[in-house]
$ cat target_29.txt   # compact mmCIF, N, CA and C atoms and all ligand atoms
# COMPACT_ATOMS: atom_id res chain seq x y z
N MET A 28 93.95 92.03 70.48
CA MET A 28 95.09 91.32 71.11
C MET A 28 95.47 90.10 70.28
N GLU A 29 96.77 89.84 70.23
CA GLU A 29 97.26 88.67 69.50
C GLU A 29 96.70 87.39 70.11
N LYS A 30 96.39 86.43 69.26
CA LYS A 30 95.82 85.15 69.74
C LYS A 30 96.84 84.37 70.56
N GLY A 31 96.36 83.70 71.61
CA GLY A 31 97.22 82.80 72.36
C GLY A 31 98.13 83.47 73.36
N ILE A 32 97.78 84.69 73.72
CA ILE A 32 98.60 85.44 74.68
C ILE A 32 97.84 85.54 76.00
N LEU A 33 98.57 85.47 77.11
CA LEU A 33 97.94 85.58 78.42
C LEU A 33 97.52 87.01 78.70
N GLU A 34 96.46 87.15 79.48
CA GLU A 34 96.06 88.48 79.95
C GLU A 34 96.54 88.62 81.40
N ASN A 35 95.78 89.32 82.24
CA ASN A 35 96.27 89.60 83.59
C ASN A 35 96.15 88.40 84.53
N LEU A 36 96.79 88.55 85.69
CA LEU A 36 96.65 87.54 86.74
C LEU A 36 95.22 87.62 87.28
N TYR A 37 94.49 86.55 87.12
CA TYR A 37 93.06 86.54 87.44
C TYR A 37 92.83 86.24 88.92
N HIS A 38 93.45 85.16 89.41
CA HIS A 38 93.36 84.89 90.84
C HIS A 38 94.55 84.08 91.34
N VAL A 39 94.72 84.14 92.65
CA VAL A 39 95.66 83.27 93.36
C VAL A 39 94.79 82.36 94.21
N ALA A 40 94.96 81.05 94.08
CA ALA A 40 94.08 80.10 94.78
C ALA A 40 94.78 79.52 96.00
N ILE A 41 94.02 79.43 97.07
CA ILE A 41 94.56 78.96 98.35
C ILE A 41 93.74 77.76 98.82
N ALA A 42 94.41 76.67 99.13
CA ALA A 42 93.74 75.49 99.67
C ALA A 42 93.50 75.70 101.16
N VAL A 43 92.24 75.52 101.59
CA VAL A 43 91.89 75.75 103.00
C VAL A 43 91.04 74.60 103.53
N LYS A 44 91.02 74.48 104.86
CA LYS A 44 90.23 73.42 105.49
C LYS A 44 88.81 73.85 105.76
N ASP A 45 88.62 75.14 106.07
CA ASP A 45 87.30 75.65 106.46
C ASP A 45 87.01 76.95 105.73
N LEU A 46 86.29 76.82 104.63
CA LEU A 46 86.04 77.95 103.72
C LEU A 46 85.44 79.16 104.43
N SER A 47 84.38 78.94 105.21
CA SER A 47 83.68 80.06 105.85
C SER A 47 84.60 80.80 106.83
N ALA A 48 85.37 80.03 107.59
CA ALA A 48 86.28 80.64 108.57
C ALA A 48 87.33 81.48 107.86
N VAL A 49 87.86 80.98 106.78
CA VAL A 49 88.93 81.69 106.07
C VAL A 49 88.36 82.92 105.35
N GLU A 50 87.14 82.81 104.85
CA GLU A 50 86.48 83.98 104.25
C GLU A 50 86.48 85.15 105.24
N GLU A 51 86.12 84.85 106.48
CA GLU A 51 86.07 85.89 107.51
C GLU A 51 87.44 86.53 107.73
N VAL A 52 88.47 85.69 107.76
CA VAL A 52 89.83 86.18 107.97
C VAL A 52 90.22 87.13 106.84
N TYR A 53 89.98 86.73 105.62
CA TYR A 53 90.40 87.53 104.46
C TYR A 53 89.55 88.78 104.31
N LYS A 54 88.26 88.68 104.70
CA LYS A 54 87.40 89.86 104.66
C LYS A 54 87.88 90.89 105.67
N THR A 55 88.15 90.41 106.88
CA THR A 55 88.51 91.32 107.96
C THR A 55 89.91 91.89 107.78
N ALA A 56 90.87 91.01 107.51
CA ALA A 56 92.26 91.46 107.47
C ALA A 56 92.59 92.21 106.19
N LEU A 57 92.04 91.77 105.08
CA LEU A 57 92.44 92.35 103.79
C LEU A 57 91.35 93.20 103.16
N GLY A 58 90.17 93.23 103.76
CA GLY A 58 89.10 94.06 103.23
C GLY A 58 88.51 93.54 101.93
N LEU A 59 88.67 92.27 101.68
CA LEU A 59 88.09 91.69 100.46
C LEU A 59 86.62 91.40 100.68
N ARG A 60 85.88 91.29 99.58
CA ARG A 60 84.48 90.88 99.71
C ARG A 60 84.25 89.61 98.89
N VAL A 61 83.28 88.81 99.35
CA VAL A 61 82.96 87.57 98.64
C VAL A 61 82.14 87.93 97.41
N GLU A 62 82.68 87.63 96.25
CA GLU A 62 82.00 87.94 95.00
C GLU A 62 81.10 86.79 94.57
N HIS A 63 81.58 85.58 94.83
CA HIS A 63 80.89 84.42 94.28
C HIS A 63 81.32 83.17 95.04
N ARG A 64 80.33 82.30 95.29
CA ARG A 64 80.63 80.98 95.86
C ARG A 64 80.12 79.94 94.89
N GLU A 65 80.84 78.84 94.77
CA GLU A 65 80.39 77.80 93.84
C GLU A 65 80.96 76.45 94.22
N VAL A 66 80.15 75.41 94.01
CA VAL A 66 80.62 74.04 94.16
C VAL A 66 81.04 73.55 92.78
N VAL A 67 82.28 73.11 92.65
CA VAL A 67 82.74 72.53 91.38
C VAL A 67 82.89 71.03 91.59
N GLU A 68 81.81 70.31 91.24
CA GLU A 68 81.73 68.86 91.47
C GLU A 68 82.89 68.14 90.79
N ASP A 69 83.15 68.56 89.56
CA ASP A 69 84.18 67.96 88.73
C ASP A 69 85.53 67.89 89.45
N GLN A 70 85.82 68.91 90.25
CA GLN A 70 87.10 68.96 90.93
C GLN A 70 86.97 68.69 92.44
N GLY A 71 85.76 68.37 92.87
CA GLY A 71 85.55 68.03 94.27
C GLY A 71 85.83 69.17 95.24
N VAL A 72 85.48 70.40 94.84
CA VAL A 72 85.80 71.54 95.70
C VAL A 72 84.63 72.50 95.88
N ASN A 73 84.60 73.11 97.06
CA ASN A 73 83.79 74.29 97.30
C ASN A 73 84.71 75.48 97.11
N THR A 74 84.25 76.44 96.32
CA THR A 74 85.11 77.58 96.04
C THR A 74 84.46 78.88 96.49
N SER A 75 85.29 79.84 96.79
CA SER A 75 84.83 81.18 97.10
C SER A 75 85.80 82.15 96.46
N MET A 76 85.26 83.12 95.73
CA MET A 76 86.10 84.12 95.07
C MET A 76 85.98 85.42 95.84
N LEU A 77 87.09 85.88 96.37
CA LEU A 77 87.12 87.14 97.11
C LEU A 77 87.86 88.19 96.30
N VAL A 78 87.27 89.38 96.23
CA VAL A 78 87.88 90.43 95.41
C VAL A 78 88.06 91.72 96.22
N PRO A 79 89.06 92.53 95.83
CA PRO A 79 89.19 93.86 96.43
C PRO A 79 87.98 94.72 96.05
N GLU A 80 87.66 95.70 96.87
CA GLU A 80 86.49 96.56 96.63
C GLU A 80 86.48 97.14 95.22
N ASP A 81 87.63 97.57 94.75
CA ASP A 81 87.67 98.23 93.44
C ASP A 81 88.02 97.28 92.30
N GLY A 82 87.91 95.98 92.56
CA GLY A 82 88.20 95.00 91.52
C GLY A 82 89.69 94.69 91.47
N GLY A 83 90.07 93.88 90.52
CA GLY A 83 91.47 93.48 90.40
C GLY A 83 91.62 92.00 90.70
N THR A 84 92.86 91.58 90.91
CA THR A 84 93.15 90.17 91.10
C THR A 84 92.43 89.62 92.32
N ALA A 85 91.83 88.46 92.17
CA ALA A 85 91.03 87.85 93.23
C ALA A 85 91.83 86.80 94.00
N ILE A 86 91.30 86.46 95.16
CA ILE A 86 91.78 85.30 95.92
C ILE A 86 90.69 84.24 95.80
N GLU A 87 91.07 83.05 95.37
CA GLU A 87 90.12 81.95 95.27
C GLU A 87 90.41 80.96 96.39
N LEU A 88 89.42 80.73 97.25
CA LEU A 88 89.59 79.75 98.31
C LEU A 88 89.05 78.41 97.83
N LEU A 89 89.79 77.35 98.12
CA LEU A 89 89.40 76.00 97.70
C LEU A 89 89.31 75.11 98.93
N GLU A 90 88.12 74.59 99.18
CA GLU A 90 87.90 73.68 100.31
C GLU A 90 87.47 72.33 99.73
N PRO A 91 88.08 71.24 100.20
CA PRO A 91 87.69 69.93 99.66
C PRO A 91 86.25 69.56 100.02
N MET A 92 85.53 68.95 99.08
CA MET A 92 84.17 68.47 99.35
C MET A 92 84.21 67.20 100.19
N ASP A 93 85.22 66.40 99.98
CA ASP A 93 85.38 65.14 100.72
C ASP A 93 86.84 64.69 100.64
N GLU A 94 87.12 63.52 101.20
CA GLU A 94 88.53 63.10 101.28
C GLU A 94 89.09 62.63 99.93
N ASN A 95 88.21 62.45 98.93
CA ASN A 95 88.70 62.05 97.61
C ASN A 95 89.10 63.25 96.74
N SER A 96 88.79 64.42 97.23
CA SER A 96 89.12 65.63 96.46
C SER A 96 90.63 65.80 96.33
N PRO A 97 91.10 66.25 95.17
CA PRO A 97 92.54 66.55 95.03
C PRO A 97 93.00 67.57 96.07
N ILE A 98 92.10 68.42 96.52
CA ILE A 98 92.47 69.42 97.53
C ILE A 98 92.72 68.75 98.89
N SER A 99 91.97 67.67 99.18
CA SER A 99 92.24 66.89 100.40
C SER A 99 93.67 66.36 100.39
N LYS A 100 94.04 65.81 99.25
CA LYS A 100 95.38 65.24 99.12
C LYS A 100 96.44 66.33 99.27
N PHE A 101 96.17 67.47 98.68
CA PHE A 101 97.09 68.60 98.78
C PHE A 101 97.26 69.02 100.24
N LEU A 102 96.12 69.13 100.97
CA LEU A 102 96.17 69.55 102.38
C LEU A 102 96.92 68.54 103.24
N ASP A 103 96.70 67.25 102.97
CA ASP A 103 97.40 66.19 103.73
C ASP A 103 98.91 66.31 103.54
N LYS A 104 99.30 66.57 102.31
CA LYS A 104 100.71 66.58 101.96
C LYS A 104 101.41 67.87 102.37
N ARG A 105 100.73 69.00 102.12
CA ARG A 105 101.43 70.29 102.25
C ARG A 105 100.78 71.26 103.22
N GLY A 106 99.57 70.92 103.68
CA GLY A 106 98.87 71.85 104.58
C GLY A 106 98.25 72.99 103.79
N GLU A 107 97.64 73.93 104.52
CA GLU A 107 97.01 75.06 103.86
C GLU A 107 98.06 75.94 103.19
N GLY A 108 97.69 76.55 102.09
CA GLY A 108 98.62 77.45 101.42
C GLY A 108 98.27 77.64 99.97
N ILE A 109 99.15 78.33 99.25
CA ILE A 109 98.88 78.63 97.84
C ILE A 109 98.85 77.33 97.03
N HIS A 110 97.78 77.17 96.27
CA HIS A 110 97.58 75.96 95.48
C HIS A 110 97.92 76.19 94.01
N HIS A 111 97.44 77.30 93.45
CA HIS A 111 97.78 77.63 92.06
C HIS A 111 97.60 79.12 91.80
N ILE A 112 98.16 79.56 90.68
CA ILE A 112 97.88 80.91 90.20
C ILE A 112 97.16 80.77 88.87
N CYS A 113 96.31 81.75 88.55
CA CYS A 113 95.50 81.64 87.34
C CYS A 113 95.60 82.91 86.50
N PHE A 114 95.90 82.72 85.23
CA PHE A 114 95.91 83.82 84.27
C PHE A 114 94.65 83.77 83.42
N LYS A 115 94.10 84.93 83.16
CA LYS A 115 92.97 85.05 82.24
C LYS A 115 93.51 84.96 80.82
N VAL A 116 92.79 84.28 79.97
CA VAL A 116 93.15 84.23 78.55
C VAL A 116 91.91 84.52 77.71
N ASP A 117 92.14 85.04 76.53
CA ASP A 117 91.02 85.38 75.65
C ASP A 117 90.61 84.16 74.84
N ASP A 118 91.59 83.33 74.48
CA ASP A 118 91.33 82.19 73.59
C ASP A 118 92.13 81.00 74.12
N ILE A 119 91.48 80.19 74.94
CA ILE A 119 92.21 79.11 75.63
C ILE A 119 92.76 78.07 74.66
N GLU A 120 92.00 77.78 73.60
CA GLU A 120 92.50 76.81 72.61
C GLU A 120 93.81 77.30 71.98
N ALA A 121 93.84 78.58 71.65
CA ALA A 121 95.05 79.15 71.02
C ALA A 121 96.24 79.07 71.97
N VAL A 122 96.02 79.33 73.25
CA VAL A 122 97.11 79.25 74.23
C VAL A 122 97.60 77.81 74.34
N LEU A 123 96.65 76.86 74.43
CA LEU A 123 97.04 75.45 74.57
C LEU A 123 97.79 74.96 73.32
N GLU A 124 97.35 75.40 72.16
CA GLU A 124 98.04 75.03 70.91
C GLU A 124 99.48 75.50 70.94
N ARG A 125 99.65 76.76 71.36
CA ARG A 125 101.00 77.33 71.41
C ARG A 125 101.88 76.55 72.40
N LEU A 126 101.32 76.24 73.57
CA LEU A 126 102.09 75.52 74.59
C LEU A 126 102.47 74.12 74.10
N LYS A 127 101.52 73.46 73.42
CA LYS A 127 101.80 72.12 72.88
C LYS A 127 102.93 72.18 71.87
N LYS A 128 102.89 73.18 70.99
CA LYS A 128 103.95 73.36 69.98
C LYS A 128 105.30 73.56 70.65
N GLN A 129 105.28 74.23 71.80
CA GLN A 129 106.53 74.51 72.52
C GLN A 129 106.98 73.32 73.37
N GLY A 130 106.15 72.27 73.41
CA GLY A 130 106.49 71.08 74.19
C GLY A 130 106.33 71.27 75.69
N VAL A 131 105.50 72.22 76.09
CA VAL A 131 105.27 72.46 77.52
C VAL A 131 104.32 71.39 78.06
N ARG A 132 104.70 70.79 79.18
CA ARG A 132 103.90 69.70 79.76
C ARG A 132 102.61 70.24 80.36
N LEU A 133 101.49 69.68 79.90
CA LEU A 133 100.18 70.14 80.35
C LEU A 133 99.48 69.07 81.18
N ILE A 134 98.64 69.49 82.10
CA ILE A 134 97.74 68.56 82.78
C ILE A 134 96.51 68.36 81.89
N ASP A 135 96.02 69.46 81.32
CA ASP A 135 94.85 69.41 80.44
C ASP A 135 95.24 69.77 79.01
N GLU A 136 95.07 68.80 78.12
CA GLU A 136 95.36 69.05 76.70
C GLU A 136 94.26 69.87 76.05
N SER A 137 93.06 69.79 76.65
CA SER A 137 91.95 70.60 76.15
C SER A 137 91.19 71.17 77.34
N PRO A 138 90.43 72.25 77.12
CA PRO A 138 89.78 72.93 78.24
C PRO A 138 88.69 72.08 78.90
N ARG A 139 88.49 72.29 80.20
CA ARG A 139 87.38 71.66 80.92
C ARG A 139 86.59 72.74 81.65
N PRO A 140 85.37 72.42 82.08
CA PRO A 140 84.56 73.43 82.76
C PRO A 140 85.17 73.80 84.10
N GLY A 141 85.26 75.09 84.37
CA GLY A 141 85.76 75.57 85.65
C GLY A 141 84.65 76.31 86.39
N ALA A 142 85.01 76.94 87.48
CA ALA A 142 84.03 77.72 88.23
C ALA A 142 83.70 79.00 87.48
N TYR A 143 82.62 79.65 87.88
CA TYR A 143 82.24 80.98 87.38
C TYR A 143 82.06 80.99 85.86
N ASN A 144 81.47 79.91 85.35
CA ASN A 144 81.17 79.86 83.93
C ASN A 144 82.41 80.01 83.04
N SER A 145 83.51 79.44 83.52
CA SER A 145 84.76 79.56 82.75
C SER A 145 85.12 78.23 82.12
N ARG A 146 86.08 78.28 81.21
CA ARG A 146 86.73 77.07 80.71
C ARG A 146 88.19 77.18 81.11
N VAL A 147 88.71 76.10 81.69
CA VAL A 147 90.05 76.18 82.27
C VAL A 147 90.92 75.03 81.80
N ALA A 148 92.23 75.22 81.94
CA ALA A 148 93.20 74.15 81.71
C ALA A 148 94.39 74.44 82.61
N PHE A 149 95.04 73.37 83.05
CA PHE A 149 96.20 73.53 83.94
C PHE A 149 97.48 73.13 83.22
N ILE A 150 98.53 73.91 83.46
CA ILE A 150 99.88 73.58 83.02
C ILE A 150 100.54 72.80 84.15
N HIS A 151 101.31 71.78 83.82
CA HIS A 151 101.94 70.95 84.86
C HIS A 151 102.94 71.76 85.68
N PRO A 152 102.90 71.61 87.01
CA PRO A 152 103.84 72.39 87.84
C PRO A 152 105.31 72.10 87.52
N LYS A 153 105.61 70.90 87.01
CA LYS A 153 107.01 70.57 86.67
C LYS A 153 107.52 71.44 85.54
N ALA A 154 106.57 71.92 84.70
CA ALA A 154 106.95 72.78 83.58
C ALA A 154 107.08 74.24 84.01
N MET A 155 106.61 74.53 85.23
CA MET A 155 106.52 75.92 85.70
C MET A 155 107.26 76.10 87.02
N ASN A 156 108.38 75.39 87.18
CA ASN A 156 109.24 75.57 88.35
C ASN A 156 108.49 75.38 89.67
N GLY A 157 107.60 74.39 89.68
CA GLY A 157 106.93 74.03 90.93
C GLY A 157 105.62 74.76 91.17
N VAL A 158 105.21 75.60 90.22
CA VAL A 158 103.95 76.34 90.39
C VAL A 158 102.88 75.77 89.47
N LEU A 159 101.75 75.40 90.06
CA LEU A 159 100.61 74.97 89.25
C LEU A 159 99.97 76.22 88.65
N VAL A 160 99.89 76.26 87.32
CA VAL A 160 99.36 77.44 86.62
C VAL A 160 98.06 77.05 85.90
N GLU A 161 97.02 77.82 86.20
CA GLU A 161 95.73 77.64 85.55
C GLU A 161 95.53 78.72 84.50
N LEU A 162 94.91 78.34 83.41
CA LEU A 162 94.51 79.30 82.37
C LEU A 162 93.00 79.30 82.36
N ALA A 163 92.38 80.47 82.33
CA ALA A 163 90.92 80.54 82.36
C ALA A 163 90.37 81.49 81.32
N GLU A 164 89.46 80.96 80.55
CA GLU A 164 88.69 81.80 79.61
C GLU A 164 87.36 82.04 80.29
N VAL A 165 87.10 83.29 80.63
CA VAL A 165 86.01 83.62 81.54
C VAL A 165 84.84 84.26 80.81
N ASN A 166 83.63 83.98 81.34
CA ASN A 166 82.42 84.68 80.89
C ASN A 166 82.15 84.58 79.40
N LYS A 167 82.25 83.38 78.88
CA LYS A 167 81.86 83.18 77.49
C LYS A 167 80.90 82.01 77.47
N ALA A 168 79.87 82.14 76.71
CA ALA A 168 78.92 81.04 76.58
C ALA A 168 79.60 79.92 75.80
N ASP A 169 79.26 78.68 76.10
CA ASP A 169 79.88 77.53 75.40
C ASP A 169 79.42 77.45 73.96
CO CO A 201 91.55 78.66 90.05
$ encode --input "target_29.txt" --output "structure tokens"
Amino acid sequence: MEKGILENLYHVAIAVKDLSAVEEVYKTALGLRVEHREVVEDQGVNTSMLVPEDGGTAIELLEPMDENSPISKFLDKRGEGIHHICFKVDDIEAVLERLKKQGVRLIDESPRPGAYNSRVAFIHPKAMNGVLVELAEVNKAD
């Protein structure tokens, strides 16, 4: 694959108030299963990744760890709902380089540690018509 190109839609992330309660809703209504739970201290969130039985795009639930979490602020302002979408990338540095060259406004100029042993970076929602877009390079050792 050409360097700096996005792969598939990896997950859609939803900000929630009560992770366990919402897990039950999504398991029951949509038949998803919990693949992985993780605390991401850096971002002040408890996360849960729910996937369809046969794999494919996941739903990532984000619950604030405390009131200082960016997710707390999001919930106060907008309530529960879609927080970001995430694309898988093979080479996050190459994607960020390309975006910088194009003058696309970024939240992260360089990758930071994400959940599930990934490296992630966010594109500013103002550059993406109001959608917060995450890029994730997954399952690679640092
Ligand atoms: Co995410």
$ select_by_dssp --input "target_29.txt" --residues "chain A" --states "strand (DSSP E or B)" --output "ChimeraX atom specification"
/A:33-42,60-67,72-78,85-91,108-116,133,139-140,146-150,160-164
$ atom_distance --input "target_29.txt" --atom1 "atom N of Phe149 in chain A" --atom2 "atom N of Thr84 in chain A"
20.0 Å
$ residues_around --input "target_29.txt" --residues "Val39 in chain A" --least-positions-apart "2" --cutoff "7 Å" --atoms "only C-alpha atoms" --output "MDAnalysis selection string"
chainID A and resid 41 85:87 111:113
$ residues_around --input "target_29.txt" --residues "range 150-161 of chain A" --least-positions-apart "4" --cutoff "8 Å" --atoms "only N, CA and C atoms" --output "PyMOL selection string"
chain A and resi 109-116+131-135
$ closest_residue --input "target_29.txt" --among "A:Ala40, A:Val78, A:Ile32, A:Ala56" --to "ligand CO 201 (chain A)" --atoms "all atoms listed in the file"
A:Ala40
$ closest_residue --input "target_29.txt" --among "A:Thr55, A:Leu88, A:Val67, A:Gly108" --to "ligand CO 201 (chain A)" --atoms "all atoms listed in the file"
A:Leu88
